[in-house]
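A.B. asks: Handing you this structure, nothing more for now.
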Amino acid sequence: MYGQFLLPYYERMPQLKMLEIGLGCDMNYEPGASVALWKKLFPKANLWEAEYNETCVDISTKQGKLDGFNVLVGDQGNNKTLDSWIEKSGGEFDIIIDDGGHHNCQILASFIKLWPTIKPGGLYFIEDLQVGKWRGFRKYSTPTCDAKEYTFSDTLQGWLEDIIYQGAYNS
């Protein structure tokens, strides 16, 4: 999907501004695999990386993995953190990739805050949306989102159905 959408976007807008949430600090492989790819694919872009694990960010920075990136740290499910990310970055993203914690309430909080920062015609990707149905990814709650009762994919499906049905009834 990235090849289909990101590469053509970059060809049109090589100075794009992109935010990726999730450095991969808690994965089995070493963190920073995607940042290496983004640096190679988008050498003229204004690149931002967000990660909750500050220790991992510090280590990755010292190892040079985040050279060329602007870095944001904190919990993507926390509204104050998201507000600080928007303030520090200035928002106005062409591309946002949420490959962070994958918990439904984190995805919802990030989407609500970050979607308005996407430029018209920009792209917002949510990685691994299917894991939100798994019990292990239904433990993270926020004051406005009950993890046991909520799945982002169901909300997204509802939004898409609203768009489809609205179009059907307005024609």
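Residues are referred to by chain and number: the chain letter is A, B, ... according to the order shown in the structure tokens, the number counts from 1 in that chain, and ligands are numbered separately from 1 in the order shown.
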As a PyMOL selection string, list the residues of chain A assigned to alpha helix (DSSP H) by DSSP on the backbone atoms of this structure.
C.D. replies: chain A and resi 2-12+33-41+54-62+79-89+104-114+152-170
A.B. asks: Give me the residues within 12 Å of Thr155 in chain A as a list of chain:residue names, counting only C-alpha atoms and dropping any in the same chain fewer than 2 places off.
C.D. replies: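 In the requested form, the answer reads A:Asn104, A:Cys105, A:Ile107, A:Leu108, A:Phe111, A:Leu129, A:Gly132, A:Glu149, A:Tyr150, A:Thr151, A:Phe152, A:Ser153, A:Gln157, A:Gly158, A:Trp159, A:Leu160, A:Glu161, A:Asp162.
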A.B. asks: Atoms to include: N, CA, C and O atoms. Write the selected residues as a short mmCIF file (atom, residue, chain, number, x, y, z; two decimals), in the first residue's frame.
C.D. replies:
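What landed in out_30.cif:
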```
data_model
loop_
_atom_site.label_atom_id
_atom_site.label_comp_id
_atom_site.auth_asym_id
_atom_site.auth_seq_id
_atom_site.Cartn_x
_atom_site.Cartn_y
_atom_site.Cartn_z
N ASN A 104 -6.82 0.11 20.68
CA ASN A 104 -7.94 0.85 20.12
C ASN A 104 -8.05 2.27 20.64
O ASN A 104 -8.25 3.21 19.86
N CYS A 105 -7.93 2.44 21.94
CA CYS A 105 -8.08 3.77 22.53
C CYS A 105 -6.91 4.68 22.17
O CYS A 105 -7.08 5.90 22.06
N ILE A 107 -5.29 4.49 19.24
CA ILE A 107 -5.57 4.84 17.85
C ILE A 107 -6.62 5.93 17.78
O ILE A 107 -6.48 6.90 17.03
N LEU A 108 -7.69 5.77 18.57
CA LEU A 108 -8.77 6.76 18.57
C LEU A 108 -8.26 8.13 19.03
O LEU A 108 -8.51 9.13 18.36
N PHE A 111 -6.00 9.63 16.36
CA PHE A 111 -6.74 10.01 15.17
C PHE A 111 -7.54 11.30 15.41
O PHE A 111 -7.53 12.21 14.57
N LEU A 129 -4.44 -2.62 12.08
CA LEU A 129 -5.75 -2.32 12.65
C LEU A 129 -6.46 -3.58 13.16
O LEU A 129 -7.21 -3.53 14.12
N GLY A 132 -6.74 -4.90 16.96
CA GLY A 132 -7.68 -4.31 17.91
C GLY A 132 -8.80 -5.24 18.32
O GLY A 132 -9.47 -5.00 19.32
N GLU A 149 -14.95 -2.15 25.74
CA GLU A 149 -16.16 -1.93 24.96
C GLU A 149 -15.92 -1.37 23.57
O GLU A 149 -16.86 -1.26 22.79
N TYR A 150 -14.69 -1.00 23.25
CA TYR A 150 -14.44 -0.22 22.04
C TYR A 150 -13.42 -0.86 21.11
O TYR A 150 -12.38 -1.32 21.54
N THR A 151 -13.73 -0.88 19.81
CA THR A 151 -12.74 -1.24 18.80
C THR A 151 -12.77 -0.17 17.71
O THR A 151 -13.83 0.21 17.21
N PHE A 152 -11.60 0.33 17.36
CA PHE A 152 -11.49 1.39 16.36
C PHE A 152 -11.97 0.90 15.00
O PHE A 152 -12.62 1.64 14.26
N SER A 153 -11.69 -0.35 14.65
CA SER A 153 -12.09 -0.86 13.33
C SER A 153 -13.60 -0.84 13.17
O SER A 153 -14.11 -0.57 12.08
N GLN A 157 -15.51 1.26 10.32
CA GLN A 157 -16.51 0.63 9.45
C GLN A 157 -17.81 1.43 9.48
O GLN A 157 -18.43 1.66 8.44
N GLY A 158 -18.21 1.89 10.65
CA GLY A 158 -19.42 2.70 10.77
C GLY A 158 -19.31 4.01 10.00
O GLY A 158 -20.25 4.43 9.32
N TRP A 159 -18.14 4.66 10.09
CA TRP A 159 -17.93 5.90 9.33
C TRP A 159 -18.03 5.64 7.83
O TRP A 159 -18.64 6.42 7.10
N LEU A 160 -17.42 4.56 7.37
CA LEU A 160 -17.47 4.24 5.94
C LEU A 160 -18.90 3.94 5.49
O LEU A 160 -19.32 4.38 4.42
N GLU A 161 -19.65 3.22 6.31
CA GLU A 161 -21.04 2.94 5.97
C GLU A 161 -21.86 4.23 5.92
O GLU A 161 -22.70 4.40 5.04
N ASP A 162 -21.60 5.14 6.84
CA ASP A 162 -22.28 6.43 6.81
C ASP A 162 -22.01 7.17 5.51
O ASP A 162 -22.92 7.75 4.91
#
```
A.B. asks: Please indicate the distance in Å from CA of Glu20 in chain A to CA of Thr144 in chain A, rounded to one decimal place.
C.D. replies: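 Going from CA of Glu20 in chain A over to CA of Thr144 in chain A covers 23.9 Å.
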A.B. asks: Could you check which of A:Asn53, A:Asp146, A:Ile21, A:Ile164 is closest to Asp98 in chain A, using only C-alpha atoms?
C.D. replies: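 That would be A:Ile21, the residue with the smallest distance to Asp98 in chain A.
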A.B. asks: Determine, counting only C-alpha atoms, which protein, DNA and RNA residues have an atom within 12 Å of an atom of Thr81 in chain A; residues of the same chain fewer than 3 positions away are not included. Present the result as a list in words.
C.D. replies: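 Near Thr81 in chain A, the qualifying residues are Ala50, Glu51, Tyr52, Leu72, Val73, Gly74, Asp75, Gln76, Gly77, Asn78, Ser84, Trp85, Ile86, Glu87, Lys88, Gln106, Ala109, Ser110, Lys113 and Leu114 of chain A.
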A.B. asks: Suppose we keep all heavy atoms; can you now write the selection as a compact mmCIF listing (two decimals), in the first residue's frame?
C.D. replies:
```txt
# COMPACT_ATOMS: atom_id res chain seq x y z
N ALA A 50 7.57 9.61 16.37
CA ALA A 50 7.03 9.68 17.73
C ALA A 50 7.11 8.30 18.36
O ALA A 50 6.82 7.29 17.72
CB ALA A 50 5.58 10.16 17.70
N GLU A 51 7.51 8.26 19.63
CA GLU A 51 7.70 6.99 20.36
C GLU A 51 7.45 7.23 21.84
O GLU A 51 7.85 8.26 22.38
CB GLU A 51 9.12 6.47 20.12
CG GLU A 51 9.54 5.29 20.95
CD GLU A 51 8.67 4.05 20.77
OE1 GLU A 51 8.32 3.70 19.63
OE2 GLU A 51 8.34 3.41 21.80
N TYR A 52 6.80 6.28 22.50
CA TYR A 52 6.51 6.43 23.92
C TYR A 52 7.72 6.10 24.81
O TYR A 52 7.85 6.62 25.91
CB TYR A 52 5.32 5.56 24.34
CG TYR A 52 5.68 4.10 24.56
CD1 TYR A 52 5.96 3.62 25.83
CD2 TYR A 52 5.76 3.21 23.50
CE1 TYR A 52 6.32 2.30 26.03
CE2 TYR A 52 6.11 1.90 23.69
CZ TYR A 52 6.38 1.45 24.95
OH TYR A 52 6.74 0.14 25.15
N LEU A 72 9.56 13.10 18.71
CA LEU A 72 8.54 13.39 19.71
C LEU A 72 8.44 12.19 20.63
O LEU A 72 8.51 11.04 20.17
CB LEU A 72 7.18 13.63 19.03
CG LEU A 72 7.17 14.72 17.96
CD1 LEU A 72 5.89 14.62 17.12
CD2 LEU A 72 7.30 16.08 18.60
N VAL A 73 8.29 12.43 21.92
CA VAL A 73 8.24 11.33 22.88
C VAL A 73 6.98 11.45 23.72
O VAL A 73 6.59 12.55 24.12
CB VAL A 73 9.49 11.35 23.80
CG1 VAL A 73 9.43 10.22 24.82
CG2 VAL A 73 10.77 11.23 22.97
N GLY A 74 6.36 10.31 24.00
CA GLY A 74 5.21 10.27 24.89
C GLY A 74 4.17 9.28 24.42
O GLY A 74 4.31 8.62 23.38
N ASP A 75 3.12 9.17 25.20
CA ASP A 75 2.04 8.21 24.99
C ASP A 75 1.03 8.76 23.99
O ASP A 75 0.40 9.79 24.24
CB ASP A 75 1.37 7.93 26.34
CG ASP A 75 0.18 7.00 26.26
OD1 ASP A 75 -0.13 6.48 25.17
OD2 ASP A 75 -0.47 6.80 27.31
N GLN A 76 0.86 8.08 22.88
CA GLN A 76 -0.06 8.52 21.84
C GLN A 76 -1.52 8.50 22.26
O GLN A 76 -2.37 9.06 21.57
CB GLN A 76 0.12 7.68 20.57
CG GLN A 76 -0.50 6.29 20.68
CD GLN A 76 -0.40 5.50 19.41
OE1 GLN A 76 0.46 4.66 19.31
NE2 GLN A 76 -1.27 5.74 18.45
N GLY A 77 -1.82 7.91 23.38
CA GLY A 77 -3.19 7.88 23.88
C GLY A 77 -3.49 9.02 24.86
O GLY A 77 -4.61 9.14 25.34
N ASN A 78 -2.51 9.85 25.11
CA ASN A 78 -2.65 10.94 26.07
C ASN A 78 -2.85 12.26 25.33
O ASN A 78 -1.99 12.68 24.55
CB ASN A 78 -1.39 11.00 26.96
CG ASN A 78 -1.47 12.07 28.01
OD1 ASN A 78 -1.54 13.25 27.69
ND2 ASN A 78 -1.45 11.65 29.26
N SER A 84 1.11 18.45 22.76
CA SER A 84 2.51 18.89 22.75
C SER A 84 3.20 18.50 21.44
O SER A 84 4.02 19.24 20.92
CB SER A 84 3.28 18.34 23.95
OG SER A 84 3.57 16.97 23.81
N TRP A 85 2.86 17.33 20.89
CA TRP A 85 3.41 16.92 19.60
C TRP A 85 3.00 17.91 18.51
O TRP A 85 3.81 18.30 17.68
CB TRP A 85 2.94 15.53 19.21
CG TRP A 85 3.49 14.40 20.03
CD1 TRP A 85 4.37 14.46 21.07
CD2 TRP A 85 3.18 13.02 19.86
NE1 TRP A 85 4.62 13.20 21.56
CE2 TRP A 85 3.90 12.30 20.84
CE3 TRP A 85 2.35 12.32 18.98
CZ2 TRP A 85 3.83 10.92 20.95
CZ3 TRP A 85 2.27 10.93 19.10
CH2 TRP A 85 3.01 10.24 20.08
N ILE A 86 1.72 18.28 18.51
CA ILE A 86 1.22 19.21 17.50
C ILE A 86 1.90 20.57 17.66
O ILE A 86 2.33 21.18 16.67
CB ILE A 86 -0.32 19.33 17.58
CG1 ILE A 86 -0.96 17.99 17.22
CG2 ILE A 86 -0.83 20.46 16.70
CD1 ILE A 86 -2.44 17.87 17.59
N GLU A 87 2.03 21.01 18.89
CA GLU A 87 2.67 22.30 19.14
C GLU A 87 4.13 22.28 18.69
O GLU A 87 4.61 23.18 17.99
CB GLU A 87 2.58 22.68 20.61
CG GLU A 87 3.16 24.04 20.91
CD GLU A 87 3.02 24.42 22.37
OE1 GLU A 87 2.13 23.89 23.07
OE2 GLU A 87 3.81 25.27 22.82
N LYS A 88 4.86 21.24 19.09
CA LYS A 88 6.29 21.15 18.75
C LYS A 88 6.51 21.02 17.24
O LYS A 88 7.42 21.63 16.69
CB LYS A 88 6.93 19.98 19.48
CG LYS A 88 8.44 19.88 19.24
CD LYS A 88 9.08 18.76 20.04
CE LYS A 88 10.57 18.69 19.76
NZ LYS A 88 11.22 17.60 20.49
N GLN A 106 -5.73 4.12 21.98
CA GLN A 106 -4.58 4.91 21.51
C GLN A 106 -4.83 5.39 20.07
O GLN A 106 -4.58 6.55 19.75
CB GLN A 106 -3.29 4.08 21.54
CG GLN A 106 -2.76 3.80 22.90
CD GLN A 106 -1.54 2.88 22.83
OE1 GLN A 106 -1.55 1.87 22.15
NE2 GLN A 106 -0.51 3.24 23.57
N ALA A 109 -7.54 8.17 20.14
CA ALA A 109 -7.03 9.44 20.66
C ALA A 109 -6.13 10.12 19.64
O ALA A 109 -6.27 11.32 19.37
CB ALA A 109 -6.28 9.22 21.97
N SER A 110 -5.22 9.36 19.06
CA SER A 110 -4.30 9.92 18.06
C SER A 110 -5.06 10.42 16.84
O SER A 110 -4.79 11.51 16.32
CB SER A 110 -3.28 8.87 17.62
OG SER A 110 -2.49 8.48 18.71
N LYS A 113 -7.02 13.73 17.47
CA LYS A 113 -6.13 14.90 17.59
C LYS A 113 -5.34 15.18 16.31
O LYS A 113 -5.14 16.35 15.95
CB LYS A 113 -5.15 14.72 18.75
CG LYS A 113 -5.76 14.88 20.11
CD LYS A 113 -6.04 16.33 20.40
CE LYS A 113 -6.48 16.51 21.83
NZ LYS A 113 -6.65 17.93 22.16
N LEU A 114 -4.87 14.14 15.64
CA LEU A 114 -3.93 14.33 14.53
C LEU A 114 -4.60 14.46 13.16
O LEU A 114 -4.04 15.10 12.27
CB LEU A 114 -2.89 13.21 14.51
CG LEU A 114 -1.99 13.15 15.74
CD1 LEU A 114 -1.08 11.93 15.69
CD2 LEU A 114 -1.17 14.44 15.88
```
A.B. asks: For the atom pair CA of Ile163 in chain A and CA of Gly121 in chain A, what is the interatomic distance in Å to one decimal place?
C.D. replies: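 Computing the Euclidean distance for CA of Ile163 in chain A and CA of Gly121 in chain A yields 17.6 Å.
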A.B. asks: Write out as a PyMOL selection string all residues of chain A that backbone DSSP assigns to strand (DSSP E or B).
C.D. replies: chain A and resi 17-21+46-51+69-73+93-98+118-126+142+145
A.B. asks: Quick one: pull the distance between CA of Val57 in chain A and CA of Tyr140 in chain A, Å, one decimal.
C.D. replies: 21.9 Å
A.B. asks: From the set A:Gly24, A:Gly122, A:Gly32, A:Gly91, which residue has the shortest atom-to-atom contact distance to Phe5 in chain A, counting only C-alpha atoms?
C.D. replies: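 Looking only at the distances to Phe5 in chain A, the closest residue turns out to be A:Gly122.
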A.B. asks: Counting only C-alpha atoms, which of A:Met1, A:Val131, A:Cys25, A:Met18 gets nearest to Gly90 in chain A?
C.D. replies: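 Selected residue with least distance to Gly90 in chain A: A:Met18.
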A.B. asks: When distances are computed from only C-alpha atoms, which of A:Ile112, A:Trp134, A:Phe69, A:Gln63 shows the smallest separation from Asp83 in chain A?
C.D. replies: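 Between A:Ile112, A:Trp134, A:Phe69, A:Gln63, the residue approaching Asp83 in chain A most closely is A:Ile112.
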A.B. asks: Nearest to Lys17 in chain A among A:Ala147, A:Leu156, A:Ile96, A:Val71, with distances taken over only C-alpha atoms: which residue is it?
C.D. replies: A:Ile96
A.B. asks: Give the answer as one residue: which of A:Met13, A:Ile95, A:Met27, A:Cys145 has the shortest atom-to-atom distance to Trp48 in chain A, using only C-alpha atoms?
C.D. replies: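 Checking each of A:Met13, A:Ile95, A:Met27, A:Cys145 against Trp48 in chain A, counting only C-alpha atoms, the winner is A:Ile95.
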